[in-house]
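See below for model_13.cif, which holds mmCIF, C-alpha atoms and all ligand atoms.
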data_structure
#
loop_
_atom_site.label_atom_id
_atom_site.label_comp_id
_atom_site.auth_asym_id
_atom_site.auth_seq_id
_atom_site.Cartn_x
_atom_site.Cartn_y
_atom_site.Cartn_z
CA THR A 1 194.20 73.18 82.55
CA GLN A 2 190.53 73.99 82.99
CA THR A 3 187.70 72.10 84.64
CA THR A 4 184.42 71.77 82.75
CA ALA A 5 183.15 74.73 84.76
CA GLY A 6 185.94 76.82 83.26
CA ARG A 7 187.78 77.11 86.57
CA PRO A 8 191.54 76.51 86.68
CA THR A 9 192.06 73.17 88.45
CA SER A 10 194.74 74.69 90.64
CA GLU A 11 192.17 76.95 92.31
CA PRO A 12 190.29 75.68 95.35
CA ALA A 13 186.60 75.05 94.66
CA GLY A 14 184.34 77.65 96.24
CA ARG A 15 181.74 80.24 95.46
CA LYS A 16 184.16 83.14 95.45
CA GLN A 17 186.19 81.62 92.63
CA ARG A 18 183.20 81.18 90.37
CA ALA A 19 182.95 83.32 87.28
CA GLN A 20 180.60 86.20 87.94
CA ILE A 21 178.10 85.70 85.14
CA LYS A 22 174.85 87.63 85.45
CA ALA A 23 172.79 85.45 83.09
CA ARG A 24 171.15 82.46 84.74
CA THR A 25 172.54 80.30 81.98
CA LEU A 26 174.39 80.64 78.71
CA ARG A 27 172.79 77.50 77.34
CA THR A 28 170.77 78.06 74.20
CA ASP A 29 169.32 74.57 73.83
CA ARG A 30 165.99 73.49 75.34
CA TRP A 31 167.53 72.39 78.65
CA TRP A 32 164.18 72.74 80.43
CA VAL A 33 162.50 69.94 78.45
CA ALA A 34 163.96 67.05 80.48
CA PRO A 35 163.10 68.49 83.94
CA ALA A 36 159.63 69.47 82.69
CA ILE A 37 158.94 65.91 81.48
CA THR A 38 160.30 64.50 84.73
CA PHE A 39 158.06 66.85 86.69
CA ALA A 40 154.95 65.82 84.74
CA ALA A 41 155.74 62.10 84.88
CA LEU A 42 156.54 61.99 88.60
CA THR A 43 153.52 64.14 89.43
CA SER A 44 151.21 61.82 87.49
CA PHE A 45 152.69 58.84 89.35
CA LEU A 46 152.17 60.53 92.72
CA VAL A 47 148.57 61.47 91.89
CA TYR A 48 147.79 57.94 90.73
CA GLY A 49 149.51 56.43 93.77
CA PHE A 50 147.54 58.66 96.15
CA TRP A 51 144.27 57.59 94.55
CA ALA A 52 145.24 53.89 94.43
CA ILE A 53 146.28 53.70 98.07
CA PHE A 54 142.78 54.68 99.17
CA ASP A 55 140.90 52.76 96.48
CA LYS A 56 139.28 49.64 97.90
CA SER A 57 139.04 47.58 94.66
CA TYR A 58 142.48 46.05 94.95
CA PHE A 59 141.62 42.36 94.84
CA VAL A 60 139.78 40.08 92.47
CA GLU A 61 140.59 36.36 92.30
CA PRO A 62 143.33 35.56 91.33
CA TYR A 63 144.81 39.06 91.07
CA ILE A 64 145.95 41.53 93.68
CA ALA A 65 146.94 45.09 92.78
CA PRO A 66 150.70 45.67 93.35
CA PHE A 67 150.17 48.91 95.30
CA SER A 68 148.21 46.96 97.93
CA SER A 69 150.51 43.95 98.14
CA PRO A 70 151.52 42.39 100.47
CA CYS A 71 148.08 42.69 102.02
CA LEU A 72 148.72 42.38 105.74
CA ALA A 73 145.80 44.21 107.30
CA THR A 74 142.88 42.59 109.04
CA SER A 75 140.63 44.32 106.53
CA CYS A 76 142.18 42.32 103.66
CA PRO A 77 139.81 39.77 102.10
CA GLU A 78 140.76 36.19 102.98
CA GLY A 79 142.22 35.33 99.54
CA ALA A 80 144.20 38.57 99.37
CA ARG A 81 146.14 38.06 102.59
CA PHE A 82 149.82 37.41 102.06
CA LEU A 83 150.46 33.79 103.14
CA GLY A 84 147.15 34.04 105.01
CA LEU A 85 148.72 36.43 107.51
CA ALA A 86 147.18 39.58 108.97
CA PRO A 87 149.72 40.80 111.53
CA PHE A 88 148.14 44.24 111.82
CA GLY A 89 145.34 44.14 114.35
CA ASP A 90 141.86 45.58 114.02
CA TRP A 91 143.06 48.90 115.31
CA TRP A 92 144.93 49.39 112.00
CA THR A 93 142.24 51.05 109.97
CA LEU A 94 144.64 52.43 107.38
CA PRO A 95 144.40 51.01 103.82
CA PRO A 96 146.60 47.92 103.30
CA GLY A 97 148.68 49.75 100.69
CA PHE A 98 149.42 52.53 103.14
CA LEU A 99 150.83 50.10 105.69
CA ILE A 100 153.54 48.78 103.36
CA LEU A 101 154.10 51.98 101.39
CA GLY A 102 157.34 52.80 103.23
CA LEU A 103 159.42 50.09 101.56
CA PRO A 104 158.84 50.75 97.84
CA ALA A 105 158.39 54.50 98.34
CA GLY A 106 161.56 54.77 100.45
CA PHE A 107 163.51 52.80 97.87
CA ARG A 108 162.43 54.99 94.96
CA LEU A 109 162.62 58.25 96.90
CA THR A 110 166.24 57.63 97.88
CA CYS A 111 167.28 56.09 94.54
CA TYR A 112 170.30 57.85 93.04
CA TYR A 113 168.55 58.31 89.73
CA TYR A 114 165.27 59.62 91.15
CA ARG A 115 167.23 61.98 93.37
CA LYS A 116 168.78 63.49 90.29
CA GLY A 117 165.33 63.61 88.69
CA TYR A 118 163.43 65.35 91.45
CA TYR A 119 166.27 67.59 92.60
CA ARG A 120 166.23 68.99 89.09
CA ALA A 121 162.52 68.90 88.32
CA PHE A 122 161.02 69.91 91.68
CA TRP A 123 163.73 71.77 93.58
CA LEU A 124 165.56 73.22 90.57
CA SER A 125 168.75 72.45 92.40
CA PRO A 126 170.01 72.91 89.74
CA PRO A 127 167.38 72.42 87.00
CA ALA A 128 170.05 71.33 84.49
CA CYS A 129 173.80 71.34 83.93
CA SER A 130 175.20 74.88 83.63
CA VAL A 131 171.94 76.47 84.76
CA ALA A 132 172.14 78.38 88.02
CA GLU A 133 169.79 77.30 90.77
CA PRO A 134 167.54 79.84 92.47
CA HIS A 135 168.69 78.87 95.97
CA GLY A 136 171.29 81.03 97.65
CA LYS A 137 172.72 78.26 99.82
CA TYR A 138 173.79 74.74 98.98
CA THR A 139 174.50 72.13 101.63
CA GLY A 140 174.11 69.05 99.49
CA GLU A 141 173.14 65.93 101.39
CA THR A 142 175.30 66.68 104.40
CA ARG A 143 172.59 67.41 106.98
CA LEU A 144 169.01 66.57 107.88
CA PRO A 145 166.77 65.73 106.15
CA LEU A 146 168.77 64.92 103.03
CA ILE A 147 171.45 63.03 104.91
CA LEU A 148 168.77 60.35 105.29
CA GLN A 149 169.26 59.60 101.59
CA ASN A 150 172.08 57.39 102.86
CA LEU A 151 169.43 54.93 104.00
CA HIS A 152 169.05 53.85 100.38
CA ARG A 153 171.32 50.82 100.81
CA TYR A 154 168.97 49.51 103.52
CA PHE A 155 165.84 50.20 101.49
CA PHE A 156 167.40 47.96 98.87
CA TYR A 157 166.79 44.93 101.10
CA GLY A 158 163.16 46.00 101.55
CA ALA A 159 162.86 46.29 97.77
CA VAL A 160 164.11 42.73 97.38
CA LEU A 161 161.26 41.62 99.66
CA ILE A 162 158.75 43.57 97.57
CA GLY A 163 160.16 41.98 94.38
CA ALA A 164 159.68 38.54 95.94
CA VAL A 165 156.10 39.37 96.96
CA LEU A 166 155.18 40.62 93.48
CA THR A 167 156.67 37.47 91.93
CA TYR A 168 154.64 35.37 94.36
CA ASP A 169 151.50 37.31 93.38
CA ALA A 170 152.21 36.66 89.69
CA VAL A 171 152.61 32.92 90.36
CA LEU A 172 149.31 32.87 92.27
CA ALA A 173 147.72 34.52 89.23
CA LEU A 174 148.27 31.20 87.44
CA ARG A 175 145.23 29.86 89.33
CA ASP A 176 141.64 30.47 88.34
CA ALA A 177 139.00 31.99 90.61
CA GLU A 178 138.31 28.53 92.11
CA GLY A 179 141.96 28.04 92.97
CA ASN A 180 142.83 25.53 90.21
CA TRP A 181 146.23 25.92 88.57
CA GLY A 182 146.50 26.45 84.82
CA HIS A 183 144.82 29.83 84.41
CA PHE A 184 146.64 32.35 82.23
CA GLY A 185 144.79 35.60 81.70
CA LEU A 186 145.97 38.96 80.48
CA GLY A 187 146.29 39.94 84.14
CA THR A 188 148.68 37.02 84.72
CA ALA A 189 150.92 38.21 81.88
CA ILE A 190 150.79 41.80 83.13
CA LEU A 191 151.74 40.78 86.68
CA PHE A 192 154.66 38.65 85.41
CA ILE A 193 155.98 41.44 83.16
CA ASN A 194 155.70 43.88 86.05
CA ALA A 195 157.53 41.53 88.45
CA ALA A 196 160.32 41.09 85.87
CA LEU A 197 160.72 44.85 85.42
CA ILE A 198 160.65 45.44 89.17
CA TRP A 199 163.43 42.87 89.57
CA ALA A 200 165.44 44.41 86.75
CA TYR A 201 165.15 47.86 88.35
CA THR A 202 165.94 46.52 91.84
CA LEU A 203 168.99 44.56 90.71
CA SER A 204 170.27 47.48 88.64
CA CYS A 205 170.49 49.55 91.85
CA HIS A 206 173.87 51.10 92.58
CA SER A 207 173.74 49.68 96.11
CA CYS A 208 173.17 46.21 94.68
CA ARG A 209 176.22 46.65 92.45
CA HIS A 210 178.24 47.60 95.48
CA ILE A 211 176.91 44.65 97.48
CA THR A 212 177.92 42.17 94.77
CA ALA A 213 181.57 43.17 94.52
CA GLY A 214 182.22 46.58 96.00
CA ARG A 215 185.43 46.82 98.03
CA LEU A 216 186.91 43.68 96.49
CA ASN A 217 190.56 44.11 95.65
CA HIS A 218 190.89 41.00 93.50
CA PHE A 219 188.08 39.97 91.21
CA SER A 220 190.11 36.88 90.29
CA LYS A 221 189.82 35.57 93.84
CA HIS A 222 186.02 35.92 93.81
CA PRO A 223 184.85 34.58 90.44
CA LEU A 224 181.21 34.18 91.51
CA ARG A 225 180.94 37.69 92.90
CA TYR A 226 182.70 38.99 89.80
CA LYS A 227 180.09 37.24 87.63
CA MET A 228 177.24 38.76 89.66
CA TRP A 229 178.90 42.18 89.53
CA THR A 230 179.30 41.93 85.76
CA PHE A 231 175.62 41.06 85.37
CA VAL A 232 174.46 43.81 87.74
CA SER A 233 176.79 46.32 86.05
CA LYS A 234 175.09 45.67 82.71
CA LEU A 235 171.69 46.34 84.26
CA ASN A 236 173.11 49.29 86.16
CA ALA A 237 174.05 50.99 82.90
CA ARG A 238 170.31 51.07 82.13
CA HIS A 239 169.17 52.11 85.58
CA MET A 240 167.36 55.24 84.43
CA LEU A 241 165.44 53.37 81.74
CA LEU A 242 164.53 50.60 84.18
CA ALA A 243 163.41 53.16 86.75
CA TRP A 244 160.88 54.59 84.28
CA LEU A 245 159.79 51.25 82.81
CA SER A 246 159.18 49.67 86.21
CA MET A 247 157.42 52.78 87.49
CA TYR A 248 154.95 52.67 84.63
CA SER A 249 154.63 48.89 84.67
CA VAL A 250 153.69 48.86 88.35
CA MET A 251 151.22 51.69 87.79
CA LEU A 252 149.61 50.01 84.76
CA ALA A 253 149.51 46.59 86.44
CA ASP A 254 147.89 48.15 89.48
CA LEU A 255 145.34 50.00 87.38
CA TYR A 256 144.55 46.90 85.35
CA VAL A 257 143.74 44.80 88.44
CA ARG A 258 141.56 47.58 89.87
CA LEU A 259 139.63 47.91 86.61
CA VAL A 260 139.02 44.15 86.56
CA ALA A 261 137.99 44.25 90.23
CA LYS A 262 135.54 47.07 89.50
CA GLY A 263 134.07 45.13 86.56
CA ILE A 264 135.11 47.81 84.07
CA ILE A 265 137.32 45.26 82.30
CA ASN A 266 135.48 41.96 81.99
CA PHE A 267 136.37 40.33 78.69
CA PRO A 268 137.26 36.60 78.62
CA PHE A 269 140.87 35.90 79.65
CA ALA A 270 141.02 39.17 81.55
FE1 LIG B 1 168.31 53.64 92.05
FE2 LIG B 1 169.33 52.10 94.04
S1 LIG B 1 170.27 53.66 92.93
S2 LIG B 1 167.39 52.01 93.10
#
Please express what this file holds, its structure, as structure tokens.
Amino acid sequence: TQTTAGRPTSEPAGRKQRAQIKARTLRTDRWWVAPAITFAALTSFLVYGFWAIFDKSYFVEPYIAPFSSPCLATSCPEGARFLGLAPFGDWWTLPPGFLILGLPAGFRLTCYYYRKGYYRAFWLSPPACSVAEPHGKYTGETRLPLILQNLHRYFFYGAVLIGAVLTYDAVLALRDAEGNWGHFGLGTAILFINAALIWAYTLSCHSCRHITAGRLNHFSKHPLRYKMWTFVSKLNARHMLLAWLSMYSVMLADLYVRLVAKGIINFPFA
């Protein structure tokens, strides 16, 4: 029998047993398209995120830009503060978005899907299946810093908090600028759609799937956990799609609020 790499399964895996092929790849299709698109898309997200973190127009009643929420800095305007709190003292001069960046960024950075994406697109390790990588040595995720990818399961809990905060922000967007309930602007709809996509992405996480029913020996003895696992498994099958949709939804929602805050978008029901 042969493995997909063409190596007899009886042979131990190792570099010496690999076929000595000089060509970098024998693939004739356009294997570079997917990593090139991933590279462009992730780069655009990073550039936008860098700009947004330092942009000060992140709040306009009743909307707050997702990249700057929860707003916990003393510099946050009164109405923007999460639950009215400002636990970071005056000595925190960093932008509010910067202070909470670790949770969503850590979650996405260590996500199994994004790892595949940026290992291929940025590190070319390898750029695609059956395409040799340029690096001479491969240690996987067995040592620092990549061993820290194992923290993903803990970032999941942080992501749940962020999902809750974004849902709370969307609910608050049902008030008008005077604080009366019943407002429903385009921004309200955008914040709700974004919160829904963020939840779908978060719950489709592989760690979440494991939390619901991983290590159970008998599904029949845990019907509720089995139900949750079945639901999460369905989302999990679309994890890549949800990763992209939620990444763009959070970016567009953030941009929309900033454009309203800057007065660039000012039509009725904005
Ligand atoms: Fe992608 Fe957990 S595996 S968010």
Closest-contact table, chain A side, partner ligand LIG 1 (chain B), 9 Å, counting all atoms listed in the file, as a Markdown table:
| residue | atom | partner | partner_atom | distance |
| --- | --- | --- | --- | --- |
| A:Phe107 | CA | B:LIG1 | S2 | 6.2 |
| A:Arg108 | CA | B:LIG1 | S2 | 6.1 |
| A:Leu109 | CA | B:LIG1 | S2 | 8.7 |
| A:Thr110 | CA | B:LIG1 | FE1 | 7.4 |
| A:Cys111 | CA | B:LIG1 | FE1 | 3.6 |
| A:Tyr112 | CA | B:LIG1 | S1 | 4.2 |
| A:Tyr113 | CA | B:LIG1 | FE1 | 5.2 |
| A:Tyr114 | CA | B:LIG1 | FE1 | 6.8 |
| A:Arg115 | CA | B:LIG1 | FE1 | 8.5 |
| A:His152 | CA | B:LIG1 | FE2 | 6.6 |
| A:Arg153 | CA | B:LIG1 | FE2 | 7.2 |
| A:Phe155 | CA | B:LIG1 | FE2 | 8.4 |
| A:Phe156 | CA | B:LIG1 | FE2 | 6.6 |
| A:Ala159 | CA | B:LIG1 | S2 | 8.7 |
| A:Tyr201 | CA | B:LIG1 | S2 | 6.7 |
| A:Thr202 | CA | B:LIG1 | S2 | 5.8 |
| A:Leu203 | CA | B:LIG1 | S2 | 8.0 |
| A:Ser204 | CA | B:LIG1 | S2 | 7.0 |
| A:Cys205 | CA | B:LIG1 | FE2 | 3.6 |
| A:His206 | CA | B:LIG1 | S1 | 4.4 |
| A:Ser207 | CA | B:LIG1 | FE2 | 5.4 |
| A:Cys208 | CA | B:LIG1 | FE2 | 7.1 |
| A:Arg209 | CA | B:LIG1 | FE2 | 8.9 |
| A:Asn236 | CA | B:LIG1 | S1 | 8.5 |
| A:His239 | CA | B:LIG1 | FE1 | 6.7 |
| A:Met240 | CA | B:LIG1 | FE1 | 7.8 |
| A:Ala243 | CA | B:LIG1 | FE1 | 7.2 |
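Atom pair CA of Thr188 (chain A) / CA of Val160 (chain A) has a distance of 20.8 Å (rounded to one decimal).
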Please identify all polymer residues within 10 Å of Ala132 (chain A), counting only C-alpha atoms, omitting same-chain residues fewer than 2 positions from it, and present them as a PyMOL selection string. chain A and resi 21-26+124-130+134-135
Mind working out the centre and edge lengths of an axis-aligned box for region 175-180 of chain A, all listed atoms inside, 3 Å added to each side, rounded to one decimal in Å and written as JSON?
{"center_x": 141.8, "center_y": 28.8, "center_z": 90.7, "size_x": 12.9, "size_y": 12.5, "size_z": 10.6}
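Restricting the calculation to only C-alpha atoms, the smallest distance between Tyr119 (chain A) and any of A:Pro145, A:Pro268, A:Pro35, A:Pro95 is found for A:Pro35.
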Distance of CA of Leu161 (chain A) from CA of Tyr118 (chain A), expressed in Å to one decimal place: 25.2 Å
Distance of CA of Ser57 (chain A) from CA of Lys262 (chain A), expressed in Å to one decimal place: 6.3 Å
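For the choices A:Leu191, A:Ile64, A:Ala36, A:Ala164, the atom-to-atom distance to Leu252 (chain A) is smallest for A:Leu191 when using all atoms listed in the file.
Taking all atoms listed in the file into account, Tyr248 (chain A) lies nearest to A:Ile193 out of the set A:Ile193, A:Leu224, A:Leu151, A:Ala80.
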Could you give me, as a list in words, the residues within 12 Å of Ala34 (chain A), counting only C-alpha atoms and dropping anything in the same chain fewer than 3 positions from it? Asp29, Arg30, Trp31, Ile37, Thr38, Phe39, Ala40, Ala41, Lys116, Gly117, Tyr118, Arg120, Ala121, Phe122, Leu124, Pro127, Ala128 and Cys129 of chain A
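Excluding Tyr168 (chain A) itself and same-chain residues fewer than 5 positions from it, the residues having an atom within 10 Å of it are Pro70, Phe82, Leu83, Ile162, Gly163, Ala173, Leu191, Phe192 and Ala195 of chain A, counting all atoms listed in the file.
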Since the input lacks atoms, please generate N, CA and C atoms for region 219-248 of chain A and provide them as a PDB file, in the coordinates of the input.
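Done, and the output landed in out24.pdb:
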ATOM      1  N   PHE A 219     189.206  40.669  91.822  1.00  0.00           N
ATOM      2  CA  PHE A 219     188.080  39.970  91.210  1.00  0.00           C
ATOM      3  C   PHE A 219     188.437  38.503  90.987  1.00  0.00           C
ATOM      4  N   SER A 220     189.712  38.247  90.631  1.00  0.00           N
ATOM      5  CA  SER A 220     190.110  36.880  90.290  1.00  0.00           C
ATOM      6  C   SER A 220     189.950  35.913  91.460  1.00  0.00           C
ATOM      7  N   LYS A 221     189.965  36.457  92.668  1.00  0.00           N
ATOM      8  CA  LYS A 221     189.820  35.570  93.840  1.00  0.00           C
ATOM      9  C   LYS A 221     188.350  35.331  94.184  1.00  0.00           C
ATOM     10  N   HIS A 222     187.455  36.057  93.516  1.00  0.00           N
ATOM     11  CA  HIS A 222     186.020  35.920  93.810  1.00  0.00           C
ATOM     12  C   HIS A 222     185.245  35.804  92.498  1.00  0.00           C
ATOM     13  N   PRO A 223     185.447  34.689  91.788  1.00  0.00           N
ATOM     14  CA  PRO A 223     184.850  34.580  90.440  1.00  0.00           C
ATOM     15  C   PRO A 223     183.326  34.697  90.450  1.00  0.00           C
ATOM     16  N   LEU A 224     182.678  34.134  91.481  1.00  0.00           N
ATOM     17  CA  LEU A 224     181.210  34.180  91.510  1.00  0.00           C
ATOM     18  C   LEU A 224     180.722  35.618  91.706  1.00  0.00           C
ATOM     19  N   ARG A 225     181.344  36.297  92.655  1.00  0.00           N
ATOM     20  CA  ARG A 225     180.940  37.690  92.900  1.00  0.00           C
ATOM     21  C   ARG A 225     181.268  38.557  91.687  1.00  0.00           C
ATOM     22  N   TYR A 226     182.343  38.234  91.015  1.00  0.00           N
ATOM     23  CA  TYR A 226     182.700  38.990  89.800  1.00  0.00           C
ATOM     24  C   TYR A 226     181.633  38.782  88.726  1.00  0.00           C
ATOM     25  N   LYS A 227     181.140  37.538  88.628  1.00  0.00           N
ATOM     26  CA  LYS A 227     180.090  37.240  87.630  1.00  0.00           C
ATOM     27  C   LYS A 227     178.830  38.042  87.960  1.00  0.00           C
ATOM     28  N   MET A 228     178.458  38.029  89.240  1.00  0.00           N
ATOM     29  CA  MET A 228     177.240  38.760  89.660  1.00  0.00           C
ATOM     30  C   MET A 228     177.424  40.256  89.389  1.00  0.00           C
ATOM     31  N   TRP A 229     178.598  40.762  89.712  1.00  0.00           N
ATOM     32  CA  TRP A 229     178.900  42.180  89.530  1.00  0.00           C
ATOM     33  C   TRP A 229     178.821  42.566  88.052  1.00  0.00           C
ATOM     34  N   THR A 230     179.330  41.658  87.200  1.00  0.00           N
ATOM     35  CA  THR A 230     179.300  41.930  85.760  1.00  0.00           C
ATOM     36  C   THR A 230     177.857  42.006  85.270  1.00  0.00           C
ATOM     37  N   PHE A 231     177.039  41.070  85.764  1.00  0.00           N
ATOM     38  CA  PHE A 231     175.620  41.060  85.370  1.00  0.00           C
ATOM     39  C   PHE A 231     174.922  42.323  85.877  1.00  0.00           C
ATOM     40  N   VAL A 232     175.114  42.635  87.152  1.00  0.00           N
ATOM     41  CA  VAL A 232     174.460  43.810  87.740  1.00  0.00           C
ATOM     42  C   VAL A 232     174.955  45.092  87.062  1.00  0.00           C
ATOM     43  N   SER A 233     176.234  45.116  86.698  1.00  0.00           N
ATOM     44  CA  SER A 233     176.790  46.320  86.050  1.00  0.00           C
ATOM     45  C   SER A 233     176.104  46.573  84.709  1.00  0.00           C
ATOM     46  N   LYS A 234     175.776  45.499  84.003  1.00  0.00           N
ATOM     47  CA  LYS A 234     175.090  45.670  82.710  1.00  0.00           C
ATOM     48  C   LYS A 234     173.717  46.280  82.933  1.00  0.00           C
ATOM     49  N   LEU A 235     173.014  45.772  83.946  1.00  0.00           N
ATOM     50  CA  LEU A 235     171.690  46.340  84.260  1.00  0.00           C
ATOM     51  C   LEU A 235     171.846  47.775  84.752  1.00  0.00           C
ATOM     52  N   ASN A 236     172.890  47.980  85.555  1.00  0.00           N
ATOM     53  CA  ASN A 236     173.110  49.290  86.160  1.00  0.00           C
ATOM     54  C   ASN A 236     173.278  50.389  85.107  1.00  0.00           C
ATOM     55  N   ALA A 237     173.865  50.007  83.980  1.00  0.00           N
ATOM     56  CA  ALA A 237     174.050  50.990  82.900  1.00  0.00           C
ATOM     57  C   ALA A 237     172.710  51.473  82.359  1.00  0.00           C
ATOM     58  N   ARG A 238     171.651  50.693  82.608  1.00  0.00           N
ATOM     59  CA  ARG A 238     170.310  51.070  82.130  1.00  0.00           C
ATOM     60  C   ARG A 238     169.387  51.438  83.294  1.00  0.00           C
ATOM     61  N   HIS A 239     169.970  51.876  84.372  1.00  0.00           N
ATOM     62  CA  HIS A 239     169.170  52.110  85.580  1.00  0.00           C
ATOM     63  C   HIS A 239     168.061  53.142  85.367  1.00  0.00           C
ATOM     64  N   MET A 240     168.368  54.209  84.653  1.00  0.00           N
ATOM     65  CA  MET A 240     167.360  55.240  84.430  1.00  0.00           C
ATOM     66  C   MET A 240     166.187  54.663  83.631  1.00  0.00           C
ATOM     67  N   LEU A 241     166.504  53.951  82.566  1.00  0.00           N
ATOM     68  CA  LEU A 241     165.440  53.370  81.740  1.00  0.00           C
ATOM     69  C   LEU A 241     164.591  52.408  82.573  1.00  0.00           C
ATOM     70  N   LEU A 242     165.263  51.574  83.365  1.00  0.00           N
ATOM     71  CA  LEU A 242     164.530  50.600  84.180  1.00  0.00           C
ATOM     72  C   LEU A 242     163.689  51.290  85.257  1.00  0.00           C
ATOM     73  N   ALA A 243     164.185  52.416  85.757  1.00  0.00           N
ATOM     74  CA  ALA A 243     163.410  53.160  86.750  1.00  0.00           C
ATOM     75  C   ALA A 243     162.076  53.610  86.140  1.00  0.00           C
ATOM     76  N   TRP A 244     162.120  54.125  84.919  1.00  0.00           N
ATOM     77  CA  TRP A 244     160.880  54.590  84.280  1.00  0.00           C
ATOM     78  C   TRP A 244     159.985  53.418  83.876  1.00  0.00           C
ATOM     79  N   LEU A 245     160.598  52.381  83.263  1.00  0.00           N
ATOM     80  CA  LEU A 245     159.790  51.250  82.810  1.00  0.00           C
ATOM     81  C   LEU A 245     159.071  50.585  83.980  1.00  0.00           C
ATOM     82  N   SER A 246     159.801  50.361  85.062  1.00  0.00           N
ATOM     83  CA  SER A 246     159.180  49.670  86.210  1.00  0.00           C
ATOM     84  C   SER A 246     158.162  50.565  86.901  1.00  0.00           C
ATOM     85  N   MET A 247     158.390  51.879  86.865  1.00  0.00           N
ATOM     86  CA  MET A 247     157.420  52.780  87.490  1.00  0.00           C
ATOM     87  C   MET A 247     156.091  52.740  86.734  1.00  0.00           C
ATOM     88  N   TYR A 248     156.190  52.730  85.415  1.00  0.00           N
ATOM     89  CA  TYR A 248     154.950  52.670  84.630  1.00  0.00           C
ATOM     90  C   TYR A 248     154.351  51.273  84.634  1.00  0.00           C
TER      91      TYR A 248
END
